[in-house]
file model-v3.pdb (PDB, C-alpha atoms, pLDDT in the B column)
ATOM      1  CA  LYS A  18      41.169  23.681 -40.876  1.00 47.00           C
ATOM      2  CA  TYR A  19      42.787  25.702 -38.129  1.00 45.00           C
ATOM      3  CA  PHE A  20      42.059  29.205 -36.890  1.00 47.00           C
ATOM      4  CA  ILE A  21      44.312  31.274 -34.658  1.00 42.00           C
ATOM      5  CA  LEU A  22      42.735  33.886 -32.414  1.00 42.00           C
ATOM      6  CA  ILE A  23      44.696  35.619 -29.692  1.00 43.00           C
ATOM      7  CA  ASN A  24      47.310  32.817 -29.654  1.00 52.00           C
ATOM      8  CA  MET A  25      44.515  30.270 -29.268  1.00 65.00           C
ATOM      9  CA  HIS A  26      44.421  27.358 -31.730  1.00 82.00           C
ATOM     10  CA  ILE A  27      40.854  26.629 -32.799  1.00 86.00           C
ATOM     11  CA  HIS A  28      40.171  23.754 -35.179  1.00 85.00           C
ATOM     12  CA  GLN A  29      37.238  21.971 -36.769  1.00 89.00           C
ATOM     13  CA  GLN A  30      36.269  18.388 -36.017  1.00 88.00           C
ATOM     14  CA  PRO A  31      38.110  17.689 -32.787  1.00 88.00           C
ATOM     15  CA  ASN A  32      38.601  14.053 -31.838  1.00 85.00           C
ATOM     16  CA  ALA A  33      35.084  12.649 -31.274  1.00 84.00           C
ATOM     17  CA  GLU A  34      36.146  10.425 -28.379  1.00 86.00           C
ATOM     18  CA  LYS A  35      37.696  13.424 -26.597  1.00 87.00           C
ATOM     19  CA  VAL A  36      34.576  15.513 -27.246  1.00 86.00           C
ATOM     20  CA  LEU A  37      32.429  12.849 -25.622  1.00 87.00           C
ATOM     21  CA  SER A  38      34.875  12.593 -22.723  1.00 87.00           C
ATOM     22  CA  LEU A  39      34.758  16.369 -22.094  1.00 87.00           C
ATOM     23  CA  LEU A  40      30.963  16.345 -22.245  1.00 85.00           C
ATOM     24  CA  ASN A  41      30.721  13.414 -19.839  1.00 85.00           C
ATOM     25  CA  GLN A  42      33.241  14.960 -17.399  1.00 86.00           C
ATOM     26  CA  SER A  43      31.201  18.162 -17.379  1.00 83.00           C
ATOM     27  CA  GLY A  44      27.891  16.387 -16.929  1.00 80.00           C
ATOM     28  CA  LEU A  45      26.585  17.668 -20.262  1.00 78.00           C
ATOM     29  CA  PRO A  46      24.255  15.516 -22.380  1.00 74.00           C
ATOM     30  CA  VAL A  47      25.489  13.506 -25.334  1.00 77.00           C
ATOM     31  CA  THR A  48      21.981  12.480 -26.391  1.00 72.00           C
ATOM     32  CA  GLY A  49      21.337  13.087 -30.067  1.00 70.00           C
ATOM     33  CA  LEU A  50      25.012  13.222 -31.034  1.00 74.00           C
ATOM     34  CA  GLN A  51      25.820  10.974 -33.955  1.00 70.00           C
ATOM     35  CA  GLU A  52      29.048  10.312 -35.825  1.00 69.00           C
ATOM     36  CA  ASN A  53      28.357  13.111 -38.345  1.00 71.00           C
ATOM     37  CA  SER A  54      27.497  15.564 -35.515  1.00 73.00           C
ATOM     38  CA  PHE A  55      31.185  16.233 -34.936  1.00 81.00           C
ATOM     39  CA  GLU A  56      31.622  17.794 -38.392  1.00 84.00           C
ATOM     40  CA  ASP A  57      30.229  21.009 -36.932  1.00 87.00           C
ATOM     41  CA  PHE A  58      32.207  20.949 -33.677  1.00 89.00           C
ATOM     42  CA  LEU A  59      35.183  23.171 -32.965  1.00 92.00           C
ATOM     43  CA  GLY A  60      38.000  22.446 -30.563  1.00 92.00           C
ATOM     44  CA  CYS A  61      40.458  24.619 -28.677  1.00 91.00           C
ATOM     45  CA  GLY A  62      44.053  23.461 -28.199  1.00 86.00           C
ATOM     46  CA  GLU A  63      45.383  20.202 -29.576  1.00 83.00           C
ATOM     47  CA  LYS A  64      43.204  18.499 -32.195  1.00 79.00           C
ATOM     48  CA  ASN A  65      43.600  15.067 -30.600  1.00 83.00           C
ATOM     49  CA  ASN A  66      43.212  16.373 -27.060  1.00 85.00           C
ATOM     50  CA  PRO A  67      41.090  19.543 -27.051  1.00 89.00           C
ATOM     51  CA  ALA A  68      40.946  21.681 -23.914  1.00 89.00           C
ATOM     52  CA  GLY A  69      37.512  22.931 -24.928  1.00 91.00           C
ATOM     53  CA  ILE A  70      34.809  22.283 -27.486  1.00 92.00           C
ATOM     54  CA  VAL A  71      31.615  23.732 -28.918  1.00 93.00           C
ATOM     55  CA  GLY A  72      29.213  22.421 -31.529  1.00 89.00           C
ATOM     56  CA  VAL A  73      26.940  24.262 -33.932  1.00 91.00           C
ATOM     57  CA  GLU A  74      23.820  22.352 -34.922  1.00 89.00           C
ATOM     58  CA  LEU A  75      22.730  23.706 -38.341  1.00 91.00           C
ATOM     59  CA  LEU A  76      18.940  23.929 -38.648  1.00 91.00           C
ATOM     60  CA  GLU A  77      17.451  25.642 -41.734  1.00 88.00           C
ATOM     61  CA  GLY A  78      18.892  29.114 -41.355  1.00 89.00           C
ATOM     62  CA  PHE A  79      19.337  28.951 -37.597  1.00 94.00           C
ATOM     63  CA  GLY A  80      21.920  27.364 -35.349  1.00 93.00           C
ATOM     64  CA  LEU A  81      21.884  25.779 -31.930  1.00 92.00           C
ATOM     65  CA  LEU A  82      25.079  25.925 -29.903  1.00 92.00           C
ATOM     66  CA  ARG A  83      25.841  22.516 -28.490  1.00 84.00           C
ATOM     67  CA  SER A  84      27.782  22.105 -25.313  1.00 82.00           C
ATOM     68  CA  LEU A  85      30.363  24.858 -24.996  1.00 91.00           C
ATOM     69  CA  VAL A  86      32.698  23.344 -22.415  1.00 89.00           C
ATOM     70  CA  VAL A  87      36.273  23.961 -21.317  1.00 90.00           C
ATOM     71  CA  ALA A  88      38.243  21.523 -19.171  1.00 84.00           C
ATOM     72  CA  LYS A  89      38.655  22.800 -15.593  1.00 83.00           C
ATOM     73  CA  GLU A  90      42.437  23.159 -15.867  1.00 83.00           C
ATOM     74  CA  SER A  91      42.078  25.310 -19.021  1.00 82.00           C
ATOM     75  CA  ARG A  92      39.428  27.774 -17.833  1.00 82.00           C
ATOM     76  CA  SER A  93      39.995  31.539 -17.592  1.00 83.00           C
ATOM     77  CA  LYS A  94      42.560  31.458 -20.408  1.00 84.00           C
ATOM     78  CA  GLY A  95      40.311  32.613 -23.274  1.00 84.00           C
ATOM     79  CA  CYS A  96      39.438  29.213 -24.721  1.00 88.00           C
ATOM     80  CA  GLY A  97      35.651  29.529 -24.213  1.00 89.00           C
ATOM     81  CA  LYS A  98      35.513  33.069 -25.565  1.00 91.00           C
ATOM     82  CA  SER A  99      37.639  32.121 -28.582  1.00 90.00           C
ATOM     83  CA  LEU A 100      35.515  29.062 -29.296  1.00 92.00           C
ATOM     84  CA  LEU A 101      32.326  31.110 -29.166  1.00 93.00           C
ATOM     85  CA  GLU A 102      33.717  33.827 -31.448  1.00 92.00           C
ATOM     86  CA  ILE A 103      34.827  31.287 -34.051  1.00 91.00           C
ATOM     87  CA  ALA A 104      31.505  29.398 -33.732  1.00 93.00           C
ATOM     88  CA  GLU A 105      29.717  32.664 -34.536  1.00 93.00           C
ATOM     89  CA  ARG A 106      31.901  33.209 -37.593  1.00 91.00           C
ATOM     90  CA  TYR A 107      31.356  29.591 -38.624  1.00 91.00           C
ATOM     91  CA  ALA A 108      27.574  30.088 -38.328  1.00 92.00           C
ATOM     92  CA  GLN A 109      27.853  33.256 -40.371  1.00 91.00           C
ATOM     93  CA  SER A 110      29.826  31.421 -43.074  1.00 90.00           C
ATOM     94  CA  LYS A 111      27.020  28.841 -43.245  1.00 91.00           C
ATOM     95  CA  GLY A 112      24.452  31.616 -43.858  1.00 91.00           C
ATOM     96  CA  LEU A 113      22.711  31.301 -40.503  1.00 92.00           C
ATOM     97  CA  LYS A 114      20.539  34.154 -39.230  1.00 92.00           C
ATOM     98  CA  SER A 115      20.790  33.541 -35.498  1.00 94.00           C
ATOM     99  CA  LEU A 116      22.428  31.275 -32.959  1.00 96.00           C
ATOM    100  CA  TYR A 117      20.472  29.945 -29.992  1.00 95.00           C
ATOM    101  CA  VAL A 118      21.873  28.524 -26.788  1.00 93.00           C
ATOM    102  CA  LEU A 119      20.325  26.888 -23.726  1.00 90.00           C
ATOM    103  CA  THR A 120      22.209  27.242 -20.493  1.00 90.00           C
ATOM    104  CA  ASP A 121      21.714  26.298 -16.871  1.00 86.00           C
ATOM    105  CA  THR A 122      24.874  27.971 -15.595  1.00 85.00           C
ATOM    106  CA  ALA A 123      26.445  30.368 -18.109  1.00 89.00           C
ATOM    107  CA  SER A 124      23.825  33.015 -18.931  1.00 92.00           C
ATOM    108  CA  GLY A 125      26.144  35.759 -17.619  1.00 93.00           C
ATOM    109  CA  PHE A 126      28.950  34.652 -19.940  1.00 93.00           C
ATOM    110  CA  PHE A 127      26.649  34.565 -22.957  1.00 94.00           C
ATOM    111  CA  ALA A 128      25.119  37.946 -22.059  1.00 95.00           C
ATOM    112  CA  ARG A 129      28.635  39.466 -21.992  1.00 94.00           C
ATOM    113  CA  MET A 130      29.158  37.978 -25.448  1.00 94.00           C
ATOM    114  CA  GLY A 131      26.050  39.704 -26.841  1.00 94.00           C
ATOM    115  CA  TYR A 132      23.393  37.019 -26.384  1.00 96.00           C
ATOM    116  CA  LEU A 133      19.932  38.103 -25.273  1.00 96.00           C
ATOM    117  CA  GLU A 134      17.448  36.051 -23.286  1.00 96.00           C
ATOM    118  CA  VAL A 135      14.368  35.083 -25.299  1.00 95.00           C
ATOM    119  CA  ALA A 136      11.044  33.560 -24.380  1.00 92.00           C
ATOM    120  CA  LEU A 137      10.549  29.959 -25.454  1.00 87.00           C
ATOM    121  CA  VAL A 138       7.568  30.961 -27.629  1.00 89.00           C
ATOM    122  CA  LYS A 139       9.907  33.224 -29.667  1.00 92.00           C
ATOM    123  CA  VAL A 140      12.237  30.333 -30.555  1.00 92.00           C
ATOM    124  CA  PRO A 141      11.657  29.044 -34.120  1.00 93.00           C
ATOM    125  CA  ASP A 142       9.967  25.631 -34.289  1.00 92.00           C
ATOM    126  CA  ILE A 143      12.935  24.132 -36.161  1.00 92.00           C
ATOM    127  CA  ILE A 144      15.130  24.906 -33.126  1.00 90.00           C
ATOM    128  CA  ARG A 145      12.585  24.117 -30.429  1.00 89.00           C
ATOM    129  CA  ASN A 146      11.787  20.700 -31.947  1.00 88.00           C
ATOM    130  CA  SER A 147      15.381  19.678 -32.628  1.00 86.00           C
ATOM    131  CA  PRO A 148      16.802  16.736 -30.656  1.00 77.00           C
ATOM    132  CA  GLY A 149      19.600  18.957 -29.377  1.00 75.00           C
ATOM    133  CA  PHE A 150      17.175  21.496 -27.927  1.00 81.00           C
ATOM    134  CA  ILE A 151      14.926  18.856 -26.395  1.00 79.00           C
ATOM    135  CA  HIS A 152      17.780  16.972 -24.687  1.00 72.00           C
ATOM    136  CA  LEU A 153      20.302  19.710 -23.869  1.00 67.00           C
ATOM    137  CA  CYS A 154      19.238  21.282 -20.597  1.00 64.00           C
ATOM    138  CA  SER A 155      16.758  21.176 -17.777  1.00 72.00           C
ATOM    139  CA  ASP A 156      13.343  22.816 -17.778  1.00 74.00           C
ATOM    140  CA  ASN A 157      14.959  25.735 -15.913  1.00 82.00           C
ATOM    141  CA  ALA A 158      17.458  26.480 -18.685  1.00 86.00           C
ATOM    142  CA  VAL A 159      17.709  30.016 -20.010  1.00 91.00           C
ATOM    143  CA  VAL A 160      17.241  30.358 -23.775  1.00 93.00           C
ATOM    144  CA  MET A 161      19.391  33.004 -25.434  1.00 95.00           C
ATOM    145  CA  ARG A 162      19.892  34.246 -28.999  1.00 96.00           C
ATOM    146  CA  LYS A 163      22.401  36.261 -30.978  1.00 96.00           C
ATOM    147  CA  ASP A 164      21.931  37.439 -34.548  1.00 93.00           C
ATOM    148  CA  VAL A 165      24.875  36.449 -36.725  1.00 91.00           C
ATOM    149  CA  GLN A 166      23.658  36.982 -40.285  1.00 79.00           C
ATOM    150  CA  VAL A 167      26.081  38.544 -42.752  1.00 63.00           C
ATOM    151  CA  GLY A 168      26.049  42.305 -42.356  1.00 58.00           C
ATOM    152  CA  HIS A 169      25.466  42.070 -38.608  1.00 51.00           C
ATOM    153  CA  PHE A 170      28.528  43.238 -36.722  1.00 50.00           C
ATOM    154  CA  ILE A 171      30.111  40.522 -34.601  1.00 48.00           C
ATOM    155  CA  SER A 172      32.546  42.013 -32.148  1.00 46.00           C
ATOM    156  CA  ILE A 173      35.887  40.281 -31.718  1.00 43.00           C
ATOM    157  CA  TYR A 174      36.406  42.018 -28.379  1.00 40.00           C
ATOM    158  CA  PRO A 175      33.045  42.507 -26.626  1.00 38.00           C
TER     159      PRO A 175
END

call {"tool": "encode", "arguments": {"input": "model-v3.pdb", "output": "structure tokens"}}
result
Amino acid sequence: KYFILINMHIHQQPNAEKVLSLLNQSGLPVTGLQENSFEDFLGCGEKNNPAGIVGVELLEGFGLLRSLVVAKESRSKGCGKSLLEIAERYAQSKGLKSLYVLTDTASGFFARMGYLEVALVKVPDIIRNSPGFIHLCSDNAVVMRKDVQVGHFISIYP
């Protein structure tokens, strides 16, 4: 499947090897990723050579964003924003209530996209105990949430 948003090609299931390469180049963890994990990843640009990727880990009505990353040479062109917007729509289509994200460096970006910082004790157990949550970021990571359930307005242009 392909999506087009503001002249940006977004597609499901980008090349797994390229996903792992982007994650490794960016210093992001690959722990907990298995072959079937890439079914819920989205890529930006060419399917076999994505310029950016994001994953949505589906966890009983909630989602955990995995590793939103854009290659250095493709930053500031709308790829990250487009990926996040489509990931939110994807989560909505799967019936998820909220998306959670952990970030060490991009809390400002996520705040501009409508994510709110939440205390760890407010994170549902299914998210907090998931392998992705446990292995994704440092102890200093900021936890953020955005409601995406059907009926909740998701802005295309925040």

call {"tool": "atom_distance", "arguments": {"input": "model-v3.pdb", "atom1": "CA of Asp156 in chain A", "atom2": "CA of Thr120 in chain A"}}
result
10.3 Å

call {"tool": "residues_around", "arguments": {"input": "model-v3.pdb", "residues": "range 127-135 of chain A", "least_positions_apart": "6", "cutoff": "6 Å", "atoms": "all atoms listed in the file", "output": "list in words"}}
result
Val160, Met161, Arg162 and Lys163 of chain A

call {"tool": "write_last_selection", "arguments": {"input": "model-v3.pdb", "atoms": "C-alpha atoms", "output": "PDB file, keeping the file's coordinate frame"}}
result
ATOM      1  CA  VAL A 160      17.241  30.358 -23.775  1.00 93.00           C
ATOM      2  CA  MET A 161      19.391  33.004 -25.434  1.00 95.00           C
ATOM      3  CA  ARG A 162      19.892  34.246 -28.999  1.00 96.00           C
ATOM      4  CA  LYS A 163      22.401  36.261 -30.978  1.00 96.00           C
TER       5      LYS A 163
END

call {"tool": "atom_distance", "arguments": {"input": "model-v3.pdb", "atom1": "CA of Ile27 in chain A", "atom2": "CA of Gly62 in chain A"}}
result
6.4 Å

call {"tool": "axis_aligned_box", "arguments": {"input": "model-v3.pdb", "around": "range 116-130 of chain A", "padding_each_side": "4 Å", "output": "lines of an AutoDock Vina configuration file"}}
result
center_x = 24.7
center_y = 32.9
center_z = -24.3
size_x = 16.8
size_y = 21.2
size_z = 25.4

call {"tool": "resolve_selection", "arguments": {"input": "model-v3.pdb", "expression": "the PyMOL selection byres ((chain A and resi 28-37) around 10)", "output": "ChimeraX atom specification"}}
result
/A:18-21,25-27,38-43,45-47,50-72,84,86,100,103-104,107

call {"tool": "resolve_selection", "arguments": {"input": "model-v3.pdb", "expression": "the PyMOL selection byres ((chain A and resi 94) around 12)", "output": "number ranges by chain"}}
result
A: 23-25, 61-62, 68-69, 87-93, 95-100

call {"tool": "closest_atom_pairs", "arguments": {"input": "model-v3.pdb", "of": "range 37-91 of chain A", "to": "range 111-118 of chain A", "cutoff": "9 Å", "atoms": "all atoms listed in the file", "output": "Markdown table"}}
result
| residue | atom | partner | partner_atom | distance |
| --- | --- | --- | --- | --- |
| A:Val73 | CA | A:Leu116 | CA | 8.4 |
| A:Leu75 | CA | A:Leu113 | CA | 7.9 |
| A:Leu76 | CA | A:Leu113 | CA | 8.5 |
| A:Glu77 | CA | A:Leu113 | CA | 7.8 |
| A:Gly78 | CA | A:Leu113 | CA | 4.5 |
| A:Phe79 | CA | A:Leu113 | CA | 5.0 |
| A:Gly80 | CA | A:Leu116 | CA | 4.6 |
| A:Leu81 | CA | A:Tyr117 | CA | 4.8 |
| A:Leu82 | CA | A:Val118 | CA | 5.2 |
| A:Arg83 | CA | A:Val118 | CA | 7.4 |
| A:Ser84 | CA | A:Val118 | CA | 8.8 |

call {"tool": "residues_around", "arguments": {"input": "model-v3.pdb", "residues": "Ser147 in chain A", "least_positions_apart": "4", "cutoff": "10 Å", "atoms": "all atoms listed in the file", "output": "ChimeraX atom specification"}}
result
/A:49,74,76,81,142-143,151-152

call {"tool": "write_last_selection", "arguments": {"input": "model-v3.pdb", "atoms": "C-alpha atoms", "output": "compact mmCIF listing (two decimals), in the frame of the given file"}}
result
# COMPACT_ATOMS: atom_id res chain seq x y z
CA GLY A 49 21.34 13.09 -30.07
CA GLU A 74 23.82 22.35 -34.92
CA LEU A 76 18.94 23.93 -38.65
CA LEU A 81 21.88 25.78 -31.93
CA ASP A 142 9.97 25.63 -34.29
CA ILE A 143 12.94 24.13 -36.16
CA ILE A 151 14.93 18.86 -26.40
CA HIS A 152 17.78 16.97 -24.69

call {"tool": "resolve_selection", "arguments": {"input": "model-v3.pdb", "expression": "the PyMOL selection byres ((chain A and resi 158) around 6)", "output": "PyMOL selection string"}}
result
chain A and resi 119-121+154-157+159

call {"tool": "write_last_selection", "arguments": {"input": "model-v3.pdb", "atoms": "C-alpha atoms", "output": "JSON list (two decimals), in the coordinates of the input"}}
result
[["chain", "number", "residue", "atom", "x", "y", "z"],
["A", 119, "LEU", "CA", 20.32, 26.89, -23.73],
["A", 120, "THR", "CA", 22.21, 27.24, -20.49],
["A", 121, "ASP", "CA", 21.71, 26.30, -16.87],
["A", 154, "CYS", "CA", 19.24, 21.28, -20.60],
["A", 155, "SER", "CA", 16.76, 21.18, -17.78],
["A", 156, "ASP", "CA", 13.34, 22.82, -17.78],
["A", 157, "ASN", "CA", 14.96, 25.74, -15.91],
["A", 159, "VAL", "CA", 17.71, 30.02, -20.01]]

call {"tool": "atom_distance", "arguments": {"input": "model-v3.pdb", "atom1": "CA of Gly149 in chain A", "atom2": "CA of Val165 in chain A"}}
result
19.7 Å

call {"tool": "decode", "arguments": {"input": "model-v3.pdb", "residues": "range 64-92 of chain A", "atoms": "N, CA and C atoms", "output": "PDB file, in the first residue's frame"}}
result
ATOM      1  N   LYS A  64      10.490   2.436  -1.559  1.00  0.00           N
ATOM      2  CA  LYS A  64      10.210   1.267  -0.717  1.00  0.00           C
ATOM      3  C   LYS A  64      11.477   0.476  -0.400  1.00  0.00           C
ATOM      4  N   ASN A  65      12.358   0.315  -1.383  1.00  0.00           N
ATOM      5  CA  ASN A  65      13.571  -0.462  -1.159  1.00  0.00           C
ATOM      6  C   ASN A  65      14.718   0.342  -0.569  1.00  0.00           C
ATOM      7  N   ASN A  66      14.529   1.644  -0.443  1.00  0.00           N
ATOM      8  CA  ASN A  66      15.564   2.497   0.128  1.00  0.00           C
ATOM      9  C   ASN A  66      14.914   3.704   0.810  1.00  0.00           C
ATOM     10  N   PRO A  67      14.185   3.459   1.924  1.00  0.00           N
ATOM     11  CA  PRO A  67      13.456   4.548   2.557  1.00  0.00           C
ATOM     12  C   PRO A  67      14.376   5.619   3.137  1.00  0.00           C
ATOM     13  N   ALA A  68      13.926   6.866   3.032  1.00  0.00           N
ATOM     14  CA  ALA A  68      14.656   7.993   3.618  1.00  0.00           C
ATOM     15  C   ALA A  68      14.306   8.158   5.089  1.00  0.00           C
ATOM     16  N   GLY A  69      13.182   7.582   5.488  1.00  0.00           N
ATOM     17  CA  GLY A  69      12.746   7.651   6.876  1.00  0.00           C
ATOM     18  C   GLY A  69      11.812   6.504   7.183  1.00  0.00           C
ATOM     19  N   ILE A  70      11.695   6.192   8.461  1.00  0.00           N
ATOM     20  CA  ILE A  70      10.819   5.088   8.875  1.00  0.00           C
ATOM     21  C   ILE A  70      10.194   5.392  10.239  1.00  0.00           C
ATOM     22  N   VAL A  71       9.092   4.725  10.509  1.00  0.00           N
ATOM     23  CA  VAL A  71       8.484   4.719  11.834  1.00  0.00           C
ATOM     24  C   VAL A  71       7.720   3.407  11.972  1.00  0.00           C
ATOM     25  N   GLY A  72       7.708   2.878  13.178  1.00  0.00           N
ATOM     26  CA  GLY A  72       6.943   1.666  13.451  1.00  0.00           C
ATOM     27  C   GLY A  72       5.854   1.955  14.451  1.00  0.00           C
ATOM     28  N   VAL A  73       4.778   1.183  14.372  1.00  0.00           N
ATOM     29  CA  VAL A  73       3.696   1.261  15.355  1.00  0.00           C
ATOM     30  C   VAL A  73       3.560  -0.129  15.962  1.00  0.00           C
ATOM     31  N   GLU A  74       3.892  -0.237  17.238  1.00  0.00           N
ATOM     32  CA  GLU A  74       3.727  -1.504  17.946  1.00  0.00           C
ATOM     33  C   GLU A  74       2.309  -1.530  18.491  1.00  0.00           C
ATOM     34  N   LEU A  75       1.492  -2.508  18.052  1.00  0.00           N
ATOM     35  CA  LEU A  75       0.086  -2.612  18.428  1.00  0.00           C
ATOM     36  C   LEU A  75      -0.038  -3.419  19.708  1.00  0.00           C
ATOM     37  N   LEU A  76      -0.628  -2.807  20.749  1.00  0.00           N
ATOM     38  CA  LEU A  76      -0.685  -3.446  22.064  1.00  0.00           C
ATOM     39  C   LEU A  76      -2.060  -3.251  22.708  1.00  0.00           C
ATOM     40  N   GLU A  77      -2.999  -4.133  22.401  1.00  0.00           N
ATOM     41  CA  GLU A  77      -4.316  -4.168  23.046  1.00  0.00           C
ATOM     42  C   GLU A  77      -4.965  -2.799  23.206  1.00  0.00           C
ATOM     43  N   GLY A  78      -5.240  -2.153  22.107  1.00  0.00           N
ATOM     44  CA  GLY A  78      -5.940  -0.880  22.135  1.00  0.00           C
ATOM     45  C   GLY A  78      -5.048   0.341  22.234  1.00  0.00           C
ATOM     46  N   PHE A  79      -3.773   0.125  22.419  1.00  0.00           N
ATOM     47  CA  PHE A  79      -2.810   1.221  22.490  1.00  0.00           C
ATOM     48  C   PHE A  79      -1.691   0.941  21.501  1.00  0.00           C
ATOM     49  N   GLY A  80      -0.936   1.977  21.175  1.00  0.00           N
ATOM     50  CA  GLY A  80       0.194   1.809  20.281  1.00  0.00           C
ATOM     51  C   GLY A  80       1.425   2.476  20.839  1.00  0.00           C
ATOM     52  N   LEU A  81       2.567   1.920  20.491  1.00  0.00           N
ATOM     53  CA  LEU A  81       3.855   2.484  20.864  1.00  0.00           C
ATOM     54  C   LEU A  81       4.591   2.801  19.577  1.00  0.00           C
ATOM     55  N   LEU A  82       4.923   4.079  19.389  1.00  0.00           N
ATOM     56  CA  LEU A  82       5.712   4.456  18.217  1.00  0.00           C
ATOM     57  C   LEU A  82       7.119   3.939  18.392  1.00  0.00           C
ATOM     58  N   ARG A  83       7.600   3.263  17.361  1.00  0.00           N
ATOM     59  CA  ARG A  83       8.951   2.723  17.384  1.00  0.00           C
ATOM     60  C   ARG A  83       9.821   3.497  16.422  1.00  0.00           C
ATOM     61  N   SER A  84      10.786   4.172  16.931  1.00  0.00           N
ATOM     62  CA  SER A  84      11.924   4.628  16.134  1.00  0.00           C
ATOM     63  C   SER A  84      11.586   5.472  14.914  1.00  0.00           C
ATOM     64  N   LEU A  85      10.970   6.611  15.119  1.00  0.00           N
ATOM     65  CA  LEU A  85      10.798   7.562  14.020  1.00  0.00           C
ATOM     66  C   LEU A  85      12.173   8.143  13.713  1.00  0.00           C
ATOM     67  N   VAL A  86      12.673   7.870  12.514  1.00  0.00           N
ATOM     68  CA  VAL A  86      13.997   8.341  12.132  1.00  0.00           C
ATOM     69  C   VAL A  86      13.997   8.704  10.646  1.00  0.00           C
ATOM     70  N   VAL A  87      14.697   9.792  10.350  1.00  0.00           N
ATOM     71  CA  VAL A  87      14.873  10.244   8.972  1.00  0.00           C
ATOM     72  C   VAL A  87      16.370  10.383   8.729  1.00  0.00           C
ATOM     73  N   ALA A  88      16.823   9.859   7.596  1.00  0.00           N
ATOM     74  CA  ALA A  88      18.240   9.962   7.237  1.00  0.00           C
ATOM     75  C   ALA A  88      18.654  11.437   7.216  1.00  0.00           C
ATOM     76  N   LYS A  89      19.884  11.713   7.642  1.00  0.00           N
ATOM     77  CA  LYS A  89      20.364  13.098   7.753  1.00  0.00           C
ATOM     78  C   LYS A  89      20.145  13.908   6.484  1.00  0.00           C
ATOM     79  N   GLU A  90      20.437  13.324   5.335  1.00  0.00           N
ATOM     80  CA  GLU A  90      20.324  14.062   4.069  1.00  0.00           C
ATOM     81  C   GLU A  90      18.874  14.330   3.658  1.00  0.00           C
ATOM     82  N   SER A  91      17.907  13.725   4.348  1.00  0.00           N
ATOM     83  CA  SER A  91      16.494  13.898   3.992  1.00  0.00           C
ATOM     84  C   SER A  91      15.715  14.685   5.046  1.00  0.00           C
ATOM     85  N   ARG A  92      16.375  15.196   6.045  1.00  0.00           N
ATOM     86  CA  ARG A  92      15.690  15.942   7.104  1.00  0.00           C
ATOM     87  C   ARG A  92      15.242  17.318   6.621  1.00  0.00           C
TER      88      ARG A  92
END
